[in-house]
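Everything on this sheet refers to the single structure shown next.
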Amino acid sequence: MRKPIGVFDSGVGGLTVVKELIRDLPDEDIVYFGDIARVPYGIRSRETIIRYSIEDTLFLLKQDVKLICVACNTASSVALPVIKNHFKVPIIGVLVPGAREAVYATRNKRIGVIGTRGTIKSRSYEMEIKQLDPKVSVYTASCPLFVPFVEEGWYKGPEVLSVARTYLAPLKQARVDTLILGCTHYPLIKPVIARVMGPGVTLIDSAKQVAIEVKKILASEGLLNTNGRKGDHKFYVSDNPEWFSDLAKSFLGRPIKNVRKTSNV
Ligand code: DGL
């Protein structure tokens with residue numbers, strides 16, 4: 001079906017999901033919305049995150065999307081359970097695919113989750129994992145400084161390493177053997193996180209799992225685009241397209257031209 005997949009995020013981080021979607025579904029059209037005017041979502045109240053997520057969803061529905069992917073972990077954790085049942089198109093978040101993969105990967109049944117304050121406070125990963133396997137113990141840590149580090153392009157170096165050591169110490173102490181990178185930005189500092197956690201810990205990158213899940217849903221609902229043409233990708237933001245374009249390259253692996261600013265959100 002020649003309708004686009006809609007993806008939204010609080011800002012630029014959701015492009016890590018878009019990157020995987022393009023890799024797995026090169027024929028699909030994608031419309032992305034980054035809510036730059038109101039980023040970050042990770043520090044906002046539950047009510048505000050839900051309100052923003054509903055507005056983001058409505059914007060994408062106006063673009064006639066066939067499925068919506070909530071690429072933001074914070075919005076997935078806090079708002080998805082509320083918005084999922086109110087719209088006709090399938091809406092998927094980043095939580096379930098990541099949780100499923102982690103439960104599959106763990107050997108000692110000790111899983112760590114890192115994310116924004118909003119994500120960790122919601123305990124959504126914990127609940128999802130417990131539902132999949134009640135015997136798993138879940139250890140969580142919010143890592144608020146990781147987002148600004150990544151947005152400043154600081155992917156490595158002594159400062160990031162030192163902050164990572166501090167944030168991750170309790171999870172190391174808890175002897176987790178699997179760690180969910182529960183935030184759009186964290187895949188960009190994966191080497192630092194891997195170094196701190198050590199070689200025995202499997203890092204779960206939700207973006208990859210989400211793309212697999214989207215493909216599965218589109219296939220099972222008969223919604224895949226089968227006309228064999230390369231997909232078209234449109235990018236909208238609620239503010240500052242230049243800032244978005246500048247950062248896009250590191251998240252997507254290539255520059256983006258023609259980022260459009262919309263005031264419809
Ligand atoms: N996109 C957010 C997430 O994955 C990180 C940035 C923010 O706090 O808005 O949780």
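Note on naming: chains are A, B, ... as they come in the structure tokens, residues start from 1 per chain, ligands start from 1 in the order shown.
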
Handout entry: region 151-160 of chain A surroundings by only C-alpha atoms, 9 Å radius, close-in-sequence under 2 positions cut, as a list of chain:residue names
Key =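 Non-adjacent residues within range: A:Val12, A:Gly13, A:Leu145, A:Phe146, A:Val147, A:Pro148, A:Phe149, A:Ser162, A:Val163, A:Ala164, A:Arg165, A:His185, A:Leu188, A:Ile189, A:Lys190, A:Pro191, A:Val192, A:Leu247, A:Ser250.
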
Practice task
Quick one: everything within 7 Å of Lys234 (chain A), counting only C-alpha atoms, minus sequence neighbours fewer than 3 positions away in the same chain. Send it as an NGL selection string.
Solution key: :A and (30-32)

Just to be explicit: take each residue in the selection above, keep N, CA and C atoms, and write the result as a PDB file, in the first residue's frame.
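Contents of result.pdb, freshly written:
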```
ATOM      1  N   ILE A  30       8.347   7.358   4.177  1.00  0.00           N
ATOM      2  CA  ILE A  30       8.353   7.679   5.610  1.00  0.00           C
ATOM      3  C   ILE A  30       8.089   9.170   5.799  1.00  0.00           C
ATOM      4  N   VAL A  31       7.205   9.495   6.740  1.00  0.00           N
ATOM      5  CA  VAL A  31       7.055  10.894   7.162  1.00  0.00           C
ATOM      6  C   VAL A  31       7.498  10.967   8.613  1.00  0.00           C
ATOM      7  N   TYR A  32       8.457  11.831   8.880  1.00  0.00           N
ATOM      8  CA  TYR A  32       9.007  11.958  10.234  1.00  0.00           C
ATOM      9  C   TYR A  32       8.598  13.305  10.810  1.00  0.00           C
TER      10      TYR A  32
END
```

Problem - Surrounding residues of region 122-139 of chain A excluding itself and chain neighbours under 4 positions, 12 Å, only C-alpha atoms, as a ChimeraX atom specification - result: /A:42-46,49,73-81,93-118,168-183,206

Problem - Computed interatomic separation between CA of Ile22 (chain A) and CA of Asp56 (chain A) (Å) - result: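 Separation between CA of Ile22 (chain A) and CA of Asp56 (chain A): 21.0 Å.
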
Problem - Atom-to-atom span, CA of Lys208 (chain A) and CA of Lys230 (chain A), Å - result: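 CA of Lys230 (chain A) lies at a distance of 20.3 Å from CA of Lys208 (chain A).
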
Handout entry: Exercise: Val18 (chain A) partners within 12 Å, only C-alpha atoms, chain neighbours under 6 positions left out, as an MDAnalysis selection string
Key = chainID A and resid 5:9 12 24:26 28:34 68:72 184 206:212 214 233:235 248 251:254

Exercise for the section: Measuring atom to atom with only C-alpha atoms and all ligand atoms, identify which of A:Ser142, A:Asn240, A:Thr226, A:Gln63 is nearest to ligand 1. Expected result: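 So, comparing all the options, the nearest one is A:Ser142.
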